[in-house]
file query25.cif (mmCIF, C-alpha atoms and all ligand atoms)
data_target
loop_
_atom_site.label_atom_id
_atom_site.label_comp_id
_atom_site.auth_asym_id
_atom_site.auth_seq_id
_atom_site.Cartn_x
_atom_site.Cartn_y
_atom_site.Cartn_z
CA MET E 1 118.20 119.93 89.70
CA LYS E 2 120.62 121.69 92.03
CA LYS E 3 123.04 119.01 90.98
CA THR E 4 122.32 119.74 87.33
CA LEU E 5 122.96 123.38 87.83
CA ALA E 6 126.24 122.61 89.54
CA LEU E 7 127.18 120.28 86.73
CA THR E 8 126.30 122.87 84.11
CA LEU E 9 128.37 125.46 85.93
CA ALA E 10 131.25 123.04 86.22
CA ALA E 11 130.99 122.31 82.51
CA ALA E 12 130.93 126.01 81.69
CA MET E 13 133.98 126.57 83.86
CA ALA E 14 135.76 123.65 82.31
CA LEU E 15 134.95 125.10 78.92
CA SER E 16 136.33 128.53 79.73
CA LEU E 17 139.39 127.01 81.35
CA ALA E 18 139.87 124.79 78.34
CA ALA E 19 139.59 127.80 76.09
CA CYS E 20 142.49 129.45 77.95
CA SER E 21 144.66 126.42 78.33
CA GLY E 22 143.97 124.85 74.97
CA ASP E 23 143.09 121.54 76.64
CA THR E 24 141.28 120.04 73.69
CA ALA E 25 140.15 116.86 75.41
CA SER E 26 138.04 118.63 78.02
CA GLU E 27 136.90 121.20 75.49
CA SER E 28 135.44 118.62 73.16
CA SER E 29 133.67 116.69 75.92
CA SER E 30 132.12 119.88 77.32
CA ALA E 31 131.11 121.03 73.88
CA ALA E 32 129.45 117.71 73.20
CA GLY E 33 127.47 118.03 76.40
CA THR E 34 126.38 121.53 75.47
CA SER E 35 125.22 120.75 71.96
CA GLU E 36 123.32 117.70 73.15
CA ALA E 37 121.48 119.81 75.68
CA ALA E 38 120.72 122.50 73.14
CA SER E 39 119.36 120.08 70.58
CA ALA E 40 116.88 118.39 72.92
CA SER E 41 113.54 119.75 71.81
CA THR E 42 111.48 119.80 74.96
CA SER E 43 114.09 120.23 77.59
CA ALA E 44 117.62 121.34 78.07
CA GLU E 45 118.03 118.49 80.46
CA THR E 46 117.13 115.51 78.36
CA GLY E 47 120.30 113.58 77.89
CA THR E 48 122.25 115.43 80.55
CA VAL E 49 120.68 114.13 83.74
CA ALA E 50 120.95 110.44 84.52
CA ASN E 51 117.53 108.81 84.82
CA LYS E 52 118.33 107.77 88.37
CA ASP E 53 118.70 111.44 89.32
CA LYS E 54 115.46 112.66 87.75
CA PRO E 55 112.51 113.66 89.93
CA LEU E 56 110.34 110.70 90.91
CA VAL E 57 106.94 111.01 92.56
CA TRP E 58 105.12 107.91 93.77
CA TYR E 59 101.43 108.60 94.17
CA ASN E 60 98.22 106.91 95.35
CA ARG E 61 99.98 103.60 96.16
CA GLN E 62 102.69 104.13 98.71
CA PRO E 63 105.75 101.91 98.27
CA SER E 64 105.28 99.46 101.13
CA ASN E 65 105.16 95.82 102.10
CA SER E 66 101.69 94.60 101.19
CA THR E 67 101.67 92.14 104.08
CA THR E 68 103.03 94.21 106.95
CA GLY E 69 102.37 97.72 105.65
CA GLU E 70 105.96 98.69 106.39
CA LEU E 71 107.09 101.55 104.15
CA ASP E 72 109.66 100.85 101.47
CA MET E 73 112.13 103.56 102.45
CA GLU E 74 114.57 102.57 99.76
CA ALA E 75 111.99 103.46 97.12
CA LEU E 76 110.88 106.58 98.98
CA THR E 77 114.44 107.88 99.12
CA PHE E 78 115.48 106.70 95.66
CA ASN E 79 117.09 110.08 95.01
CA ASP E 80 116.98 113.60 96.47
CA ASN E 81 113.91 114.43 94.44
CA THR E 82 111.78 111.44 95.37
CA TYR E 83 108.46 111.89 97.17
CA TYR E 84 105.14 110.20 97.78
CA VAL E 85 101.78 111.93 97.40
CA GLY E 86 98.67 110.44 98.96
CA PHE E 87 96.20 111.31 101.66
CA ASP E 88 95.93 110.72 105.38
CA ALA E 89 94.47 107.23 105.39
CA ASN E 90 93.76 107.06 109.11
CA GLN E 91 92.06 110.43 109.33
CA GLY E 92 89.93 109.50 106.30
CA ALA E 93 89.09 106.09 107.69
CA GLU E 94 87.95 107.60 110.96
CA LEU E 95 85.76 110.04 109.06
CA GLN E 96 84.21 107.25 107.03
CA GLY E 97 83.38 105.30 110.18
CA LYS E 98 81.95 108.37 111.87
CA MET E 99 79.85 109.17 108.81
CA VAL E 100 78.18 105.75 109.03
CA VAL E 101 77.57 106.04 112.78
CA ASP E 102 76.11 109.54 112.36
CA TYR E 103 73.79 108.22 109.69
CA ILE E 104 72.60 105.42 111.97
CA ALA E 105 71.97 107.89 114.79
CA ALA E 106 69.94 110.13 112.51
CA HIS E 107 67.90 107.18 111.20
CA ALA E 108 67.56 105.10 114.36
CA ASP E 109 63.84 104.56 113.76
CA THR E 110 64.13 103.05 110.33
CA ILE E 111 67.62 101.61 110.06
CA ASP E 112 66.85 98.10 111.32
CA ARG E 113 64.86 96.88 108.34
CA ASN E 114 63.69 93.55 109.73
CA GLY E 115 63.34 94.79 113.29
CA ASP E 116 65.48 92.03 114.84
CA GLY E 117 67.58 94.48 116.84
CA ILE E 118 70.63 93.81 114.70
CA ILE E 119 72.03 96.39 112.33
CA GLY E 120 73.65 94.29 109.63
CA TYR E 121 76.17 95.66 107.20
CA VAL E 122 78.20 94.24 104.33
CA LEU E 123 81.62 95.54 103.36
CA ALA E 124 83.42 95.65 100.01
CA ILE E 125 87.19 95.53 100.49
CA GLY E 126 89.40 96.96 97.72
CA ASP E 127 92.78 95.30 98.09
CA ILE E 128 93.82 93.42 101.23
CA GLY E 129 97.45 94.45 100.60
CA HIS E 130 96.87 98.20 100.09
CA ASN E 131 97.45 100.48 103.09
CA ASP E 132 94.53 102.74 102.27
CA SER E 133 92.12 99.85 101.87
CA ILE E 134 93.27 98.33 105.16
CA ALA E 135 92.85 101.66 106.96
CA ARG E 136 89.29 102.04 105.67
CA THR E 137 88.27 98.55 106.75
CA ARG E 138 89.72 99.22 110.20
CA GLY E 139 88.08 102.65 110.44
CA VAL E 140 84.64 101.27 109.74
CA ARG E 141 85.05 98.33 112.13
CA SER E 142 86.36 100.59 114.92
CA ALA E 143 83.51 103.06 114.59
CA LEU E 144 80.87 100.32 114.53
CA GLY E 145 82.39 98.35 117.40
CA THR E 146 83.03 95.28 115.27
CA ALA E 147 86.85 95.51 115.31
CA VAL E 148 89.02 92.93 116.99
CA GLU E 149 92.71 93.35 117.77
CA GLY E 150 95.16 91.01 116.13
CA GLU E 151 98.94 90.76 116.19
CA ASN E 152 99.38 93.74 113.86
CA GLY E 153 96.61 95.97 115.18
CA ILE E 154 92.97 95.80 114.18
CA VAL E 155 92.24 92.81 111.98
CA SER E 156 91.38 93.88 108.44
CA ASP E 157 90.82 90.46 106.86
CA PRO E 158 87.52 89.74 105.09
CA VAL E 159 85.02 87.53 106.93
CA GLY E 160 83.40 85.90 103.92
CA THR E 161 79.87 85.55 105.29
CA ASN E 162 78.89 85.90 108.92
CA LEU E 163 75.12 85.77 109.24
CA GLU E 164 75.32 84.05 112.62
CA GLY E 165 77.96 86.37 114.04
CA LYS E 166 80.53 83.60 114.59
CA ALA E 167 83.41 84.97 112.51
CA THR E 168 86.69 85.53 114.36
CA GLN E 169 87.94 88.41 112.19
CA VAL E 170 85.23 90.64 113.71
CA GLN E 171 82.96 90.72 116.71
CA ASP E 172 79.39 91.92 117.18
CA GLY E 173 79.32 95.56 118.24
CA THR E 174 76.81 97.51 120.25
CA LEU E 175 75.44 100.94 119.44
CA GLU E 176 73.11 103.01 121.56
CA VAL E 177 71.14 105.44 119.47
CA GLY E 178 67.75 107.12 119.78
CA GLY E 179 67.17 105.45 123.14
CA LYS E 180 67.65 101.98 121.63
CA THR E 181 70.50 99.53 121.87
CA PHE E 182 71.39 97.71 118.67
CA THR E 183 73.77 94.90 117.95
CA VAL E 184 75.93 95.69 114.93
CA ARG E 185 77.11 92.80 112.78
CA GLU E 186 79.40 92.57 109.77
CA LEU E 187 77.27 90.12 107.79
CA ALA E 188 79.72 89.73 104.94
CA SER E 189 82.93 91.15 103.50
CA GLN E 190 85.21 90.18 100.66
CA GLU E 191 88.21 91.48 98.74
CA MET E 192 86.82 92.58 95.37
CA LYS E 193 89.42 91.06 93.13
CA ASN E 194 88.43 89.64 89.76
CA SER E 195 89.65 86.37 88.31
CA ALA E 196 92.30 88.14 86.23
CA GLY E 197 93.69 89.69 89.42
CA ALA E 198 92.43 93.28 89.27
CA THR E 199 91.61 94.67 92.72
CA TRP E 200 89.00 97.29 93.77
CA ASP E 201 86.89 95.65 91.08
CA ALA E 202 83.45 97.19 90.75
CA SER E 203 81.78 94.35 88.88
CA THR E 204 83.05 91.81 91.40
CA ALA E 205 81.42 93.96 94.08
CA SER E 206 78.07 94.01 92.33
CA THR E 207 78.16 90.25 91.87
CA ALA E 208 79.02 89.79 95.54
CA LEU E 209 76.14 91.97 96.66
CA THR E 210 73.75 90.08 94.40
CA THR E 211 74.83 86.86 96.11
CA TRP E 212 74.70 88.33 99.60
CA SER E 213 71.33 89.96 99.15
CA SER E 214 69.76 86.80 97.78
CA SER E 215 70.72 84.86 100.89
CA MET E 216 70.59 87.60 103.54
CA GLY E 217 67.97 89.96 102.06
CA ASP E 218 66.48 92.21 104.68
CA ASN E 219 69.19 91.45 107.22
CA ILE E 220 71.29 93.92 105.26
CA ASP E 221 70.67 97.41 106.55
CA ILE E 222 73.82 99.16 105.35
CA VAL E 223 76.29 98.66 102.52
CA ILE E 224 79.82 99.98 102.98
CA SER E 225 82.64 100.07 100.49
CA ASN E 226 86.34 100.94 100.55
CA ASN E 227 85.68 103.13 97.51
CA ASP E 228 82.96 104.68 95.37
CA GLY E 229 83.73 102.60 92.29
CA MET E 230 82.59 99.45 94.12
CA GLY E 231 80.05 101.40 96.20
CA MET E 232 78.23 102.74 93.17
CA ALA E 233 78.22 99.33 91.49
CA MET E 234 76.50 97.93 94.60
CA PHE E 235 74.15 100.89 94.87
CA ASN E 236 73.03 100.49 91.29
CA ILE E 237 72.63 96.72 91.37
CA TRP E 238 70.65 96.49 94.59
CA SER E 239 70.76 99.12 97.35
CA LYS E 240 69.11 101.96 95.49
CA ALA E 241 66.01 99.95 94.63
CA ASN E 242 65.87 98.56 98.16
CA GLY E 243 66.42 101.86 99.94
CA VAL E 244 69.58 100.65 101.66
CA PRO E 245 72.12 103.40 102.42
CA THR E 246 75.47 102.76 100.77
CA PHE E 247 78.70 104.45 101.75
CA GLY E 248 81.84 104.84 99.71
CA TYR E 249 85.05 106.79 99.51
CA ASP E 250 86.59 109.15 96.91
CA ALA E 251 83.76 111.60 96.17
CA ASN E 252 83.69 110.65 92.51
CA ALA E 253 81.14 112.84 90.72
CA ASP E 254 78.64 110.01 90.11
CA ALA E 255 78.70 109.02 93.77
CA VAL E 256 78.22 112.59 94.97
CA ALA E 257 75.27 113.00 92.60
CA ALA E 258 73.79 109.73 93.90
CA ILE E 259 73.52 111.18 97.41
CA ALA E 260 70.36 112.88 96.12
CA GLU E 261 69.00 109.39 95.40
CA GLY E 262 69.89 107.73 98.66
CA TYR E 263 73.62 107.00 98.47
CA GLY E 264 74.60 107.45 102.12
CA GLY E 265 77.78 109.46 101.68
CA THR E 266 81.40 109.39 100.68
CA ILE E 267 84.75 110.87 101.65
CA SER E 268 86.65 113.36 99.57
CA GLN E 269 90.35 112.55 99.78
CA HIS E 270 91.03 115.97 98.22
CA ALA E 271 92.12 114.58 94.89
CA ASP E 272 92.28 118.20 93.67
CA VAL E 273 95.09 118.80 96.15
CA GLN E 274 96.82 115.45 95.52
CA ALA E 275 96.86 115.81 91.74
CA TYR E 276 98.35 119.26 92.16
CA LEU E 277 101.03 118.03 94.56
CA THR E 278 101.92 115.14 92.26
CA LEU E 279 102.83 117.47 89.42
CA ARG E 280 103.92 120.42 91.51
CA LEU E 281 106.73 118.47 93.18
CA VAL E 282 107.97 117.51 89.73
CA ARG E 283 107.78 121.12 88.58
CA ASN E 284 109.69 122.42 91.57
CA ALA E 285 112.38 119.78 91.33
CA LEU E 286 112.87 120.55 87.64
CA ASP E 287 112.91 124.29 88.28
CA GLY E 288 115.55 123.77 90.97
CA VAL E 289 113.57 125.84 93.47
CA ASP E 290 112.61 125.14 97.04
CA ILE E 291 110.43 122.01 96.99
CA ASN E 292 107.62 123.77 98.86
CA THR E 293 107.22 126.55 96.30
CA GLY E 294 103.52 126.94 95.46
CA ILE E 295 102.82 124.51 98.30
CA ALA E 296 103.71 125.93 101.72
CA THR E 297 104.86 129.25 100.25
CA ALA E 298 103.25 131.18 97.42
CA ASP E 299 104.87 130.95 93.98
CA ASP E 300 105.24 133.78 91.46
CA ALA E 301 101.68 133.19 90.21
CA GLY E 302 100.15 133.23 93.70
CA ASN E 303 99.56 129.47 94.07
CA VAL E 304 99.74 128.28 97.67
CA LEU E 305 98.16 125.58 99.85
CA SER E 306 97.07 126.14 103.43
CA ASP E 307 97.79 123.56 106.08
CA ASP E 308 94.15 122.62 106.54
CA VAL E 309 94.27 120.65 103.27
CA TYR E 310 97.59 118.79 103.46
CA TYR E 311 100.71 118.14 105.48
CA TYR E 312 104.22 116.90 104.80
CA ASP E 313 105.87 114.13 106.75
CA GLU E 314 109.63 114.39 106.34
CA ALA E 315 110.35 110.93 107.76
CA SER E 316 108.36 109.20 105.00
CA ARG E 317 109.04 111.92 102.41
CA SER E 318 105.30 111.95 101.96
CA TYR E 319 102.76 114.65 101.27
CA TYR E 320 99.32 113.75 102.58
CA ALA E 321 96.07 115.49 101.66
CA LEU E 322 93.37 115.68 104.32
CA ASN E 323 89.91 114.18 103.87
CA VAL E 324 86.44 115.69 104.15
CA ALA E 325 83.13 113.85 104.63
CA VAL E 326 80.56 114.40 101.89
CA THR E 327 76.97 113.71 102.97
CA ALA E 328 73.44 114.92 102.35
CA ASP E 329 74.39 118.07 104.31
CA ASN E 330 77.10 119.35 101.98
CA TYR E 331 77.21 117.29 98.79
CA LYS E 332 76.13 120.15 96.57
CA ASP E 333 79.55 121.72 97.10
CA PHE E 334 81.27 118.60 95.72
CA MET E 335 79.32 117.90 92.53
CA ASP E 336 82.25 118.35 90.15
CA SER E 337 85.21 116.33 91.35
CA THR E 338 87.49 117.45 88.52
CA VAL E 339 87.82 121.18 89.19
CA PRO E 340 91.32 122.36 90.15
CA TYR E 341 91.54 123.57 93.71
CA ALA E 342 91.07 127.35 93.47
CA PRO E 343 94.08 128.45 95.58
CA VAL E 344 96.42 126.54 93.24
CA SER E 345 94.79 127.13 89.89
CA ASN E 346 96.95 129.96 88.53
CA GLN E 347 98.85 129.45 85.28
CA LEU E 348 102.64 129.46 85.50
CA ASP E 349 104.61 131.62 83.14
CA THR E 350 106.30 129.63 80.37
CA THR E 351 109.46 131.69 80.32
CA ALA E 352 110.26 131.11 83.96
CA HIS E 353 108.82 127.56 83.88
CA PRO E 354 109.49 126.11 80.42
CA GLU E 355 107.80 122.94 79.22
CA LYS E 356 109.12 119.65 80.60
CA THR E 357 108.06 116.11 79.83
CA VAL E 358 106.76 113.67 82.40
CA TRP E 359 106.06 109.95 82.23
CA LEU E 360 103.08 109.10 84.43
CA ASP E 361 101.19 105.85 84.80
CA ILE E 362 97.89 104.77 86.30
CA TYR E 363 97.96 101.19 87.54
CA ASN E 364 94.54 100.39 86.12
CA ALA E 365 92.92 102.44 83.38
CA ALA E 366 89.56 101.07 84.58
CA ASP E 367 89.93 102.33 88.17
CA ASN E 368 86.99 104.70 88.68
CA PHE E 369 88.72 107.08 91.05
CA LEU E 370 91.96 107.37 89.12
CA SER E 371 90.37 107.61 85.69
CA ALA E 372 87.25 109.64 86.48
CA THR E 373 88.61 111.97 89.14
CA TYR E 374 92.40 111.96 89.40
CA GLN E 375 93.47 111.92 85.75
CA PRO E 376 91.09 114.70 84.64
CA LEU E 377 92.57 116.81 87.43
CA LEU E 378 96.12 115.96 86.40
CA GLU E 379 95.29 116.95 82.85
CA LYS E 380 94.18 120.38 84.02
CA TYR E 381 97.19 120.90 86.25
CA ASP E 382 99.66 119.77 83.61
CA ASP E 383 98.54 122.75 81.50
CA LEU E 384 98.76 125.16 84.42
CA LEU E 385 102.25 123.91 85.30
CA ASN E 386 103.57 123.71 81.72
CA LEU E 387 104.20 119.99 81.88
CA LYS E 388 103.75 117.69 78.94
CA VAL E 389 102.60 114.44 80.50
CA ASP E 390 102.41 111.05 78.81
CA TYR E 391 99.62 109.14 80.56
CA ILE E 392 100.13 105.39 80.60
CA GLY E 393 97.10 103.31 81.63
CA GLY E 394 97.81 99.84 83.01
CA ASP E 395 95.56 96.77 83.15
CA GLY E 396 95.52 96.64 86.95
CA GLN E 397 96.95 93.12 86.92
CA THR E 398 100.59 93.02 85.99
CA GLU E 399 103.38 95.48 86.57
CA GLY E 400 104.98 94.39 83.30
CA ASN E 401 102.09 95.77 81.30
CA ILE E 402 103.19 99.20 82.54
CA THR E 403 106.95 98.85 82.87
CA ASN E 404 107.05 97.63 79.25
CA ARG E 405 106.02 101.13 78.35
CA LEU E 406 108.90 102.73 80.22
CA GLY E 407 111.30 101.57 77.55
CA ASN E 408 112.92 104.95 77.00
CA PRO E 409 113.23 106.88 80.24
CA ASP E 410 115.83 109.12 78.57
CA ALA E 411 113.00 110.86 76.74
CA TYR E 412 111.51 112.20 79.99
CA ASP E 413 112.50 114.79 82.55
CA ALA E 414 110.60 113.20 85.43
CA PHE E 415 108.42 110.26 86.46
CA ALA E 416 105.20 109.86 88.43
CA ILE E 417 104.38 106.29 89.34
CA ASN E 418 101.26 104.44 90.50
CA MET E 419 102.09 100.76 91.05
CA VAL E 420 99.87 97.74 90.57
CA LYS E 421 101.25 96.33 93.79
CA THR E 422 102.84 98.45 96.48
CA ASP E 423 105.74 95.96 96.87
CA ASN E 424 106.89 96.48 93.31
CA ALA E 425 108.77 99.79 93.40
CA SER E 426 111.99 98.16 92.28
CA SER E 427 110.39 97.09 88.99
CA TYR E 428 110.47 100.79 88.15
CA THR E 429 113.58 102.02 89.91
CA SER E 430 115.64 99.26 88.32
CA LEU E 431 114.70 100.68 84.90
CA LEU E 432 115.74 104.16 86.02
CA SER E 433 119.02 102.89 87.43
CA GLN E 434 120.24 101.17 84.27
C1 LIG E 501 91.10 105.08 95.94
C2 LIG E 501 90.47 103.95 95.27
C3 LIG E 501 91.36 103.46 94.20
C4 LIG E 501 92.68 103.11 94.77
C5 LIG E 501 93.63 102.68 93.71
C6 LIG E 501 92.43 104.69 96.46
O1 LIG E 501 93.06 105.79 96.98
O2 LIG E 501 90.32 105.53 96.98
O3 LIG E 501 89.27 104.34 94.73
O4 LIG E 501 90.77 102.37 93.57
O5 LIG E 501 93.19 104.21 95.42
O6 LIG E 501 94.94 102.62 94.17
CA CA E 502 68.21 93.95 111.32
#
call {"tool": "encode", "arguments": {"input": "query25.cif", "output": "structure tokens"}}
result
Amino acid sequence: MKKTLALTLAAAMALSLAACSGDTASESSSAAGTSEAASASTSAETGTVANKDKPLVWYNRQPSNSTTGELDMEALTFNDNTYYVGFDANQGAELQGKMVVDYIAAHADTIDRNGDGIIGYVLAIGDIGHNDSIARTRGVRSALGTAVEGENGIVSDPVGTNLEGKATQVQDGTLEVGGKTFTVRELASQEMKNSAGATWDASTASTALTTWSSSMGDNIDIVISNNDGMGMAMFNIWSKANGVPTFGYDANADAVAAIAEGYGGTISQHADVQAYLTLRLVRNALDGVDINTGIATADDAGNVLSDDVYYYDEASRSYYALNVAVTADNYKDFMDSTVPYAPVSNQLDTTAHPEKTVWLDIYNAADNFLSATYQPLLEKYDDLLNLKVDYIGGDGQTEGNITNRLGNPDAYDAFAINMVKTDNASSYTSLLSQ
């Protein structure tokens, strides 16, 4: 936007110079630029800023190598107004692990359902190539003592089934609680990917648990999931009726409500802060103001975030929200997951912040977290920030299903992108670079 302003000024100067000197060539080209800008209905910028220079926010799926986790810095620095918005995956993963251990400690007398001295758990993995999913698997294994170190840190691969404790991806852990020493075993884990290729798939998770519970029955003392979508599917199909605590991640409203019925707990990744940041960065870039306006410093409406809910990492150009554990102790404060975060819920003035149009996609319209929590929040913030957002829902399987609907980037002032696969940033940036 600074660039735009400079260009506009340069054009204005060229125009006034041309008016003096009678240089008709530069006069007509400047005039054309001006009328084009004036005729664009939603924005003075449409048509004047190259797509490659428009604000671009990656969110929820950080451009990275799905095998090594290495960040895709080319995508993250696509232009001066490119950022990523997500949450601190390691801090959240540690919290999730701790939440499970705390639960075991508080229920040491009843947790071992078949009394064999082994606390058995099963784990639903979202996407073996997604940084956040990997972090959660590692966090749970570290906390429970089942983690083993591999070449690239703690192994996050699924075990398949492991009733005998022989798998090499994990080891048996030991936990001392309530004066007893338990062995902890990862009885089973699997990436929940359906046959069409969609990851984090809730119905695959419920099928898997049906299979696992029919062969391992009362060996299963705890069910853990990389997210609430899969967690709730497993809770509803089996754990609830069998009184087996089930832990997820995301603090979706249905999962929080289920804590009253025995769901063990979940983690809020502060989607209310992330959804705000996603659109706020766009707003600031388009307004040409300091990028931290309404974030680190209060804006003209009083919106501001404190550093206990997010931080910015300059090296990765990433804003990360912080996570909070949601358990039986505090779940009543988290019942509605779609309320804007109060400190950033003030309406911006439309004169100072005129309407702009944003193209935004969600990799899978059926993803519980993104569709039930994140998008409703975005829809509230887009009003507060005077942004007209086109929401594009993908099928979770192919990037093309989404990129096909980015046929006319000229019509938008900015882009917010959620990829099917974190390796695929160039499928989008190539369309913006044309
Ligand atoms: C969420 C998952 C979601 C995934 C999609 C994660 O941050 O926790 O629920 O399915 O993002 O990318
Ligand atoms: Ca047992």
call {"tool": "closest_residue", "arguments": {"input": "query25.cif", "among": "E:Ala425, E:Val85, E:Val244, E:Met216", "to": "ligand LIG 501 (chain E)", "atoms": "only C-alpha atoms and all ligand atoms"}}
result
E:Val85
call {"tool": "closest_residue", "arguments": {"input": "query25.cif", "among": "E:Val420, E:Ile111, E:Val344, E:Met234", "to": "E:Asp127", "atoms": "all atoms listed in the file"}}
result
E:Val420
call {"tool": "closest_residue", "arguments": {"input": "query25.cif", "among": "E:Ala366, E:Ala372, E:Ile104, E:Ile295", "to": "E:Phe247", "atoms": "only C-alpha atoms"}}
result
E:Ile104
call {"tool": "residues_near_ligand", "arguments": {"input": "query25.cif", "ligand": "ligand CA 502 (chain E)", "cutoff": "12 Å", "atoms": "all atoms listed in the file", "output": "list in words"}}
result
Ala108, Asp109, Thr110, Ile111, Asp112, Arg113, Asn114, Gly115, Asp116, Gly117, Ile118, Ile119, Gly120, Tyr121, Leu163, Phe182, Thr183, Val184, Arg185, Glu186, Leu187, Met216, Gly217, Asp218, Asn219, Ile220, Asp221, Ile222 and Val244 of chain E
call {"tool": "residues_near_ligand", "arguments": {"input": "query25.cif", "ligand": "ligand LIG 501 (chain E)", "cutoff": "7 Å", "atoms": "all atoms listed in the file", "output": "list in words"}}
result
Asn60, Arg61, Gly126, Asp132, Trp200, Asn227, Asp228, Gly229, Tyr249, Asp250, Asp367, Asn368, Phe369 and Leu370 of chain E
call {"tool": "write_last_selection", "arguments": {"input": "query25.cif", "atoms": "C-alpha atoms", "output": "PDB file, keeping the file's coordinate frame"}}
result
ATOM      1  CA  ASN E  60      98.220 106.910  95.350  1.00  0.00           C
ATOM      2  CA  ARG E  61      99.980 103.600  96.160  1.00  0.00           C
ATOM      3  CA  GLY E 126      89.400  96.960  97.720  1.00  0.00           C
ATOM      4  CA  ASP E 132      94.530 102.740 102.270  1.00  0.00           C
ATOM      5  CA  TRP E 200      89.000  97.290  93.770  1.00  0.00           C
ATOM      6  CA  ASN E 227      85.680 103.130  97.510  1.00  0.00           C
ATOM      7  CA  ASP E 228      82.960 104.680  95.370  1.00  0.00           C
ATOM      8  CA  GLY E 229      83.730 102.600  92.290  1.00  0.00           C
ATOM      9  CA  TYR E 249      85.050 106.790  99.510  1.00  0.00           C
ATOM     10  CA  ASP E 250      86.590 109.150  96.910  1.00  0.00           C
ATOM     11  CA  ASP E 367      89.930 102.330  88.170  1.00  0.00           C
ATOM     12  CA  ASN E 368      86.990 104.700  88.680  1.00  0.00           C
ATOM     13  CA  PHE E 369      88.720 107.080  91.050  1.00  0.00           C
ATOM     14  CA  LEU E 370      91.960 107.370  89.120  1.00  0.00           C
TER      15      LEU E 370
END
call {"tool": "atom_distance", "arguments": {"input": "query25.cif", "atom1": "atom CA of E:Ile134", "atom2": "atom CA of E:Ala233"}}
result
20.4 Å
